[in-house]
file structure_1.txt (compact mmCIF, N, CA and C atoms)
# COMPACT_ATOMS: atom_id res chain seq x y z
N MET A 813 -43.82 113.89 -32.33
CA MET A 813 -42.93 113.32 -31.35
C MET A 813 -41.64 112.92 -32.07
N SER A 814 -40.53 113.28 -31.50
CA SER A 814 -39.24 112.95 -32.11
C SER A 814 -38.84 111.51 -31.78
N ILE A 815 -37.81 111.06 -32.45
CA ILE A 815 -37.31 109.70 -32.21
C ILE A 815 -36.82 109.56 -30.77
N THR A 816 -36.15 110.59 -30.29
CA THR A 816 -35.62 110.54 -28.92
C THR A 816 -36.75 110.48 -27.90
N GLN A 817 -37.78 111.27 -28.10
CA GLN A 817 -38.91 111.24 -27.17
C GLN A 817 -39.60 109.88 -27.19
N GLN A 818 -39.77 109.31 -28.38
CA GLN A 818 -40.39 107.99 -28.47
C GLN A 818 -39.53 106.94 -27.78
N TYR A 819 -38.21 107.05 -27.95
CA TYR A 819 -37.30 106.10 -27.31
C TYR A 819 -37.42 106.18 -25.78
N PHE A 820 -37.42 107.40 -25.24
CA PHE A 820 -37.54 107.53 -23.79
C PHE A 820 -38.89 107.05 -23.28
N LEU A 821 -39.93 107.26 -24.05
CA LEU A 821 -41.25 106.75 -23.68
C LEU A 821 -41.24 105.22 -23.65
N ASP A 822 -40.61 104.60 -24.67
CA ASP A 822 -40.52 103.14 -24.71
C ASP A 822 -39.66 102.59 -23.57
N VAL A 823 -38.58 103.29 -23.22
CA VAL A 823 -37.73 102.86 -22.10
C VAL A 823 -38.52 102.94 -20.79
N HIS A 824 -39.24 104.01 -20.61
CA HIS A 824 -40.05 104.17 -19.38
C HIS A 824 -41.11 103.07 -19.29
N ARG A 825 -41.78 102.79 -20.41
CA ARG A 825 -42.81 101.75 -20.42
C ARG A 825 -42.20 100.39 -20.11
N SER A 826 -41.04 100.09 -20.71
CA SER A 826 -40.42 98.79 -20.48
C SER A 826 -39.95 98.64 -19.03
N GLN A 827 -39.50 99.73 -18.42
CA GLN A 827 -39.09 99.67 -17.01
C GLN A 827 -40.29 99.41 -16.10
N ARG A 828 -41.39 100.05 -16.41
CA ARG A 828 -42.59 99.86 -15.59
C ARG A 828 -43.14 98.45 -15.71
N LEU A 829 -43.00 97.84 -16.91
CA LEU A 829 -43.52 96.50 -17.12
C LEU A 829 -42.49 95.41 -16.83
N GLY A 830 -41.26 95.81 -16.52
CA GLY A 830 -40.22 94.84 -16.20
C GLY A 830 -39.68 94.13 -17.44
N GLU A 831 -39.76 94.76 -18.58
CA GLU A 831 -39.26 94.17 -19.82
C GLU A 831 -37.87 94.70 -20.15
N VAL A 832 -37.26 94.10 -21.15
CA VAL A 832 -35.95 94.55 -21.62
C VAL A 832 -36.14 95.85 -22.41
N PRO A 833 -35.35 96.88 -22.12
CA PRO A 833 -35.52 98.14 -22.87
C PRO A 833 -35.10 97.99 -24.33
N PRO A 834 -35.71 98.76 -25.20
CA PRO A 834 -35.34 98.68 -26.62
C PRO A 834 -33.96 99.27 -26.86
N PRO A 835 -33.31 98.89 -27.97
CA PRO A 835 -32.00 99.47 -28.27
C PRO A 835 -32.14 100.95 -28.63
N PRO A 836 -31.13 101.75 -28.34
CA PRO A 836 -31.22 103.17 -28.69
C PRO A 836 -31.29 103.37 -30.20
N PRO A 837 -31.88 104.48 -30.63
CA PRO A 837 -31.98 104.74 -32.06
C PRO A 837 -30.60 104.82 -32.71
N GLY A 838 -30.47 104.23 -33.89
CA GLY A 838 -29.22 104.27 -34.61
C GLY A 838 -28.28 103.12 -34.32
N THR A 839 -28.66 102.21 -33.44
CA THR A 839 -27.79 101.11 -33.07
C THR A 839 -27.52 100.18 -34.24
N HIS A 840 -28.54 99.88 -35.02
CA HIS A 840 -28.41 98.89 -36.08
C HIS A 840 -28.45 99.51 -37.48
N ASP A 841 -28.17 100.79 -37.61
CA ASP A 841 -28.29 101.47 -38.89
C ASP A 841 -27.31 100.91 -39.92
N TRP A 842 -26.05 100.76 -39.56
CA TRP A 842 -25.05 100.30 -40.53
C TRP A 842 -25.29 98.85 -40.93
N ARG A 843 -25.75 98.05 -39.99
CA ARG A 843 -26.06 96.66 -40.32
C ARG A 843 -27.21 96.62 -41.34
N THR A 844 -28.19 97.47 -41.15
CA THR A 844 -29.32 97.54 -42.09
C THR A 844 -28.86 97.99 -43.47
N VAL A 845 -27.97 98.97 -43.52
CA VAL A 845 -27.45 99.44 -44.81
C VAL A 845 -26.71 98.31 -45.53
N ARG A 846 -25.89 97.55 -44.80
CA ARG A 846 -25.17 96.43 -45.41
C ARG A 846 -26.13 95.36 -45.92
N GLU A 847 -27.19 95.08 -45.15
CA GLU A 847 -28.15 94.07 -45.57
C GLU A 847 -28.89 94.51 -46.83
N VAL A 848 -29.27 95.77 -46.90
CA VAL A 848 -29.96 96.28 -48.09
C VAL A 848 -29.03 96.22 -49.30
N ARG A 849 -27.76 96.60 -49.12
CA ARG A 849 -26.81 96.54 -50.22
C ARG A 849 -26.63 95.10 -50.70
N GLY A 850 -26.50 94.17 -49.77
CA GLY A 850 -26.37 92.76 -50.15
C GLY A 850 -27.60 92.25 -50.88
N TYR A 851 -28.77 92.65 -50.44
CA TYR A 851 -30.00 92.23 -51.10
C TYR A 851 -30.07 92.78 -52.52
N ARG A 852 -29.69 94.05 -52.71
CA ARG A 852 -29.70 94.64 -54.05
C ARG A 852 -28.69 93.95 -54.97
N GLN A 853 -27.53 93.59 -54.45
CA GLN A 853 -26.55 92.87 -55.24
C GLN A 853 -27.08 91.49 -55.62
N PHE A 854 -27.72 90.82 -54.70
CA PHE A 854 -28.30 89.52 -54.97
C PHE A 854 -29.35 89.62 -56.07
N ARG A 855 -30.24 90.61 -55.96
CA ARG A 855 -31.29 90.78 -56.98
C ARG A 855 -30.68 91.10 -58.34
N ALA A 856 -29.58 91.86 -58.37
CA ALA A 856 -28.93 92.17 -59.64
C ALA A 856 -28.36 90.91 -60.28
N VAL A 857 -27.75 90.06 -59.48
CA VAL A 857 -27.17 88.82 -60.02
C VAL A 857 -28.28 87.91 -60.54
N VAL A 858 -29.36 87.79 -59.79
CA VAL A 858 -30.47 86.93 -60.21
C VAL A 858 -31.08 87.45 -61.52
N ALA A 859 -31.12 88.77 -61.68
CA ALA A 859 -31.70 89.37 -62.89
C ALA A 859 -30.70 89.39 -64.06
N GLY A 860 -29.46 88.98 -63.83
CA GLY A 860 -28.48 88.94 -64.89
C GLY A 860 -27.77 90.26 -65.14
N ARG A 861 -27.80 91.16 -64.18
CA ARG A 861 -27.11 92.44 -64.31
C ARG A 861 -25.83 92.39 -63.48
N PRO A 862 -24.86 93.29 -63.77
CA PRO A 862 -23.65 93.32 -62.94
C PRO A 862 -24.00 93.77 -61.52
N ALA A 863 -23.38 93.16 -60.55
CA ALA A 863 -23.70 93.46 -59.16
C ALA A 863 -22.88 94.62 -58.61
N HIS A 864 -21.75 94.93 -59.22
CA HIS A 864 -20.88 95.99 -58.70
C HIS A 864 -20.65 97.05 -59.77
N GLY A 865 -20.47 98.28 -59.33
CA GLY A 865 -20.06 99.36 -60.22
C GLY A 865 -21.18 100.02 -61.00
N ARG A 866 -22.43 99.69 -60.72
CA ARG A 866 -23.53 100.28 -61.49
C ARG A 866 -23.66 101.78 -61.23
N LEU A 867 -23.51 102.19 -60.00
CA LEU A 867 -23.64 103.61 -59.66
C LEU A 867 -22.52 104.42 -60.30
N ARG A 868 -21.30 103.91 -60.24
CA ARG A 868 -20.18 104.64 -60.84
C ARG A 868 -20.36 104.79 -62.35
N ARG A 869 -20.80 103.72 -63.01
CA ARG A 869 -21.03 103.81 -64.46
C ARG A 869 -22.13 104.81 -64.78
N ALA A 870 -23.19 104.83 -63.98
CA ALA A 870 -24.28 105.77 -64.22
C ALA A 870 -23.79 107.21 -64.03
N LEU A 871 -22.98 107.44 -63.01
CA LEU A 871 -22.46 108.79 -62.78
C LEU A 871 -21.50 109.19 -63.89
N ASP A 872 -20.70 108.24 -64.39
CA ASP A 872 -19.80 108.54 -65.51
C ASP A 872 -20.58 108.91 -66.76
N ARG A 873 -21.69 108.20 -67.02
CA ARG A 873 -22.51 108.54 -68.18
C ARG A 873 -23.09 109.94 -68.04
N TRP A 874 -23.47 110.31 -66.84
CA TRP A 874 -24.04 111.64 -66.60
C TRP A 874 -22.96 112.71 -66.72
N ARG A 875 -21.77 112.41 -66.22
CA ARG A 875 -20.69 113.39 -66.22
C ARG A 875 -20.09 113.57 -67.60
N ARG A 876 -19.96 112.49 -68.37
CA ARG A 876 -19.35 112.55 -69.71
C ARG A 876 -20.34 111.98 -70.73
N PRO A 877 -21.31 112.79 -71.15
CA PRO A 877 -22.26 112.27 -72.13
C PRO A 877 -21.59 111.99 -73.46
N ARG A 878 -22.10 111.02 -74.17
CA ARG A 878 -21.54 110.66 -75.48
C ARG A 878 -21.87 111.75 -76.50
N ALA A 879 -21.01 111.88 -77.48
CA ALA A 879 -21.25 112.85 -78.54
C ALA A 879 -22.44 112.37 -79.39
N ARG A 880 -23.33 113.28 -79.70
CA ARG A 880 -24.51 112.92 -80.49
C ARG A 880 -24.17 112.92 -81.98
N ALA A 881 -24.72 111.99 -82.69
CA ALA A 881 -24.49 111.91 -84.13
C ALA A 881 -25.30 112.99 -84.84
N ALA A 882 -24.67 113.63 -85.79
CA ALA A 882 -25.35 114.69 -86.55
C ALA A 882 -26.32 114.06 -87.54
N CYS A 883 -27.50 114.55 -87.57
CA CYS A 883 -28.52 114.00 -88.47
C CYS A 883 -28.67 114.81 -89.71

call {"tool": "encode", "arguments": {"input": "structure_1.txt", "output": "C-alpha cells"}}
result
Amino acid sequence: MSITQQYFLDVHRSQRLGEVPPPPPGTHDWRTVREVRGYRQFRAVVAGRPAHGRLRRALDRWRRPRARAAC
C-alpha cells in the first residue's frame, strides 16, 4: 500500500468516525528535518565537537587527500 492510499484510507476512516482527518503526507517534512539537524548540533556541542561545518570538512578531506609520507 502506498502512502497516498494509506492517507485516503485514514481520511475515510476519520470521516466515518467523526474525527479530525490526519495531515496530508509531507506536511511536516521540513520541520522534521530542521529538528533533526538541531538535535545533531546539540549532541555535537555536548560531546565537545564543532557543531557546524563537519560535512564540508569531511568532503574536503575526501576531495583533496593529504600527501602521504614516503617510508

call {"tool": "select_by_dssp", "arguments": {"input": "structure_1.txt", "residues": "chain A", "states": "alpha helix (DSSP H)", "output": "NGL selection string"}}
result
:A and (815-829 or 841-859 or 866-875)

call {"tool": "write_last_selection", "arguments": {"input": "structure_1.txt", "atoms": "N, CA and C atoms", "output": "compact mmCIF listing (two decimals), in the coordinates of the input"}}
result
# COMPACT_ATOMS: atom_id res chain seq x y z
N ILE A 815 -37.81 111.06 -32.45
CA ILE A 815 -37.31 109.70 -32.21
C ILE A 815 -36.82 109.56 -30.77
N THR A 816 -36.15 110.59 -30.29
CA THR A 816 -35.62 110.54 -28.92
C THR A 816 -36.75 110.48 -27.90
N GLN A 817 -37.78 111.27 -28.10
CA GLN A 817 -38.91 111.24 -27.17
C GLN A 817 -39.60 109.88 -27.19
N GLN A 818 -39.77 109.31 -28.38
CA GLN A 818 -40.39 107.99 -28.47
C GLN A 818 -39.53 106.94 -27.78
N TYR A 819 -38.21 107.05 -27.95
CA TYR A 819 -37.30 106.10 -27.31
C TYR A 819 -37.42 106.18 -25.78
N PHE A 820 -37.42 107.40 -25.24
CA PHE A 820 -37.54 107.53 -23.79
C PHE A 820 -38.89 107.05 -23.28
N LEU A 821 -39.93 107.26 -24.05
CA LEU A 821 -41.25 106.75 -23.68
C LEU A 821 -41.24 105.22 -23.65
N ASP A 822 -40.61 104.60 -24.67
CA ASP A 822 -40.52 103.14 -24.71
C ASP A 822 -39.66 102.59 -23.57
N VAL A 823 -38.58 103.29 -23.22
CA VAL A 823 -37.73 102.86 -22.10
C VAL A 823 -38.52 102.94 -20.79
N HIS A 824 -39.24 104.01 -20.61
CA HIS A 824 -40.05 104.17 -19.38
C HIS A 824 -41.11 103.07 -19.29
N ARG A 825 -41.78 102.79 -20.41
CA ARG A 825 -42.81 101.75 -20.42
C ARG A 825 -42.20 100.39 -20.11
N SER A 826 -41.04 100.09 -20.71
CA SER A 826 -40.42 98.79 -20.48
C SER A 826 -39.95 98.64 -19.03
N GLN A 827 -39.50 99.73 -18.42
CA GLN A 827 -39.09 99.67 -17.01
C GLN A 827 -40.29 99.41 -16.10
N ARG A 828 -41.39 100.05 -16.41
CA ARG A 828 -42.59 99.86 -15.59
C ARG A 828 -43.14 98.45 -15.71
N LEU A 829 -43.00 97.84 -16.91
CA LEU A 829 -43.52 96.50 -17.12
C LEU A 829 -42.49 95.41 -16.83
N ASP A 841 -28.17 100.79 -37.61
CA ASP A 841 -28.29 101.47 -38.89
C ASP A 841 -27.31 100.91 -39.92
N TRP A 842 -26.05 100.76 -39.56
CA TRP A 842 -25.05 100.30 -40.53
C TRP A 842 -25.29 98.85 -40.93
N ARG A 843 -25.75 98.05 -39.99
CA ARG A 843 -26.06 96.66 -40.32
C ARG A 843 -27.21 96.62 -41.34
N THR A 844 -28.19 97.47 -41.15
CA THR A 844 -29.32 97.54 -42.09
C THR A 844 -28.86 97.99 -43.47
N VAL A 845 -27.97 98.97 -43.52
CA VAL A 845 -27.45 99.44 -44.81
C VAL A 845 -26.71 98.31 -45.53
N ARG A 846 -25.89 97.55 -44.80
CA ARG A 846 -25.17 96.43 -45.41
C ARG A 846 -26.13 95.36 -45.92
N GLU A 847 -27.19 95.08 -45.15
CA GLU A 847 -28.15 94.07 -45.57
C GLU A 847 -28.89 94.51 -46.83
N VAL A 848 -29.27 95.77 -46.90
CA VAL A 848 -29.96 96.28 -48.09
C VAL A 848 -29.03 96.22 -49.30
N ARG A 849 -27.76 96.60 -49.12
CA ARG A 849 -26.81 96.54 -50.22
C ARG A 849 -26.63 95.10 -50.70
N GLY A 850 -26.50 94.17 -49.77
CA GLY A 850 -26.37 92.76 -50.15
C GLY A 850 -27.60 92.25 -50.88
N TYR A 851 -28.77 92.65 -50.44
CA TYR A 851 -30.00 92.23 -51.10
C TYR A 851 -30.07 92.78 -52.52
N ARG A 852 -29.69 94.05 -52.71
CA ARG A 852 -29.70 94.64 -54.05
C ARG A 852 -28.69 93.95 -54.97
N GLN A 853 -27.53 93.59 -54.45
CA GLN A 853 -26.55 92.87 -55.24
C GLN A 853 -27.08 91.49 -55.62
N PHE A 854 -27.72 90.82 -54.70
CA PHE A 854 -28.30 89.52 -54.97
C PHE A 854 -29.35 89.62 -56.07
N ARG A 855 -30.24 90.61 -55.96
CA ARG A 855 -31.29 90.78 -56.98
C ARG A 855 -30.68 91.10 -58.34
N ALA A 856 -29.58 91.86 -58.37
CA ALA A 856 -28.93 92.17 -59.64
C ALA A 856 -28.36 90.91 -60.28
N VAL A 857 -27.75 90.06 -59.48
CA VAL A 857 -27.17 88.82 -60.02
C VAL A 857 -28.28 87.91 -60.54
N VAL A 858 -29.36 87.79 -59.79
CA VAL A 858 -30.47 86.93 -60.21
C VAL A 858 -31.08 87.45 -61.52
N ALA A 859 -31.12 88.77 -61.68
CA ALA A 859 -31.70 89.37 -62.89
C ALA A 859 -30.70 89.39 -64.06
N ARG A 866 -22.43 99.69 -60.72
CA ARG A 866 -23.53 100.28 -61.49
C ARG A 866 -23.66 101.78 -61.23
N LEU A 867 -23.51 102.19 -60.00
CA LEU A 867 -23.64 103.61 -59.66
C LEU A 867 -22.52 104.42 -60.30
N ARG A 868 -21.30 103.91 -60.24
CA ARG A 868 -20.18 104.64 -60.84
C ARG A 868 -20.36 104.79 -62.35
N ARG A 869 -20.80 103.72 -63.01
CA ARG A 869 -21.03 103.81 -64.46
C ARG A 869 -22.13 104.81 -64.78
N ALA A 870 -23.19 104.83 -63.98
CA ALA A 870 -24.28 105.77 -64.22
C ALA A 870 -23.79 107.21 -64.03
N LEU A 871 -22.98 107.44 -63.01
CA LEU A 871 -22.46 108.79 -62.78
C LEU A 871 -21.50 109.19 -63.89
N ASP A 872 -20.70 108.24 -64.39
CA ASP A 872 -19.80 108.54 -65.51
C ASP A 872 -20.58 108.91 -66.76
N ARG A 873 -21.69 108.20 -67.02
CA ARG A 873 -22.51 108.54 -68.18
C ARG A 873 -23.09 109.94 -68.04
N TRP A 874 -23.47 110.31 -66.84
CA TRP A 874 -24.04 111.64 -66.60
C TRP A 874 -22.96 112.71 -66.72
N ARG A 875 -21.77 112.41 -66.22
CA ARG A 875 -20.69 113.39 -66.22
C ARG A 875 -20.09 113.57 -67.60

call {"tool": "atom_distance", "arguments": {"input": "structure_1.txt", "atom1": "atom CA of Gly860 of chain A", "atom2": "atom CA of Asp841 of chain A"}}
result
28.9 Å

call {"tool": "closest_residue", "arguments": {"input": "structure_1.txt", "among": "A:Pro862, A:Pro837, A:Gly830, A:Gly850", "to": "Ile815 of chain A", "atoms": "only N, CA and C atoms"}}
result
A:Pro837
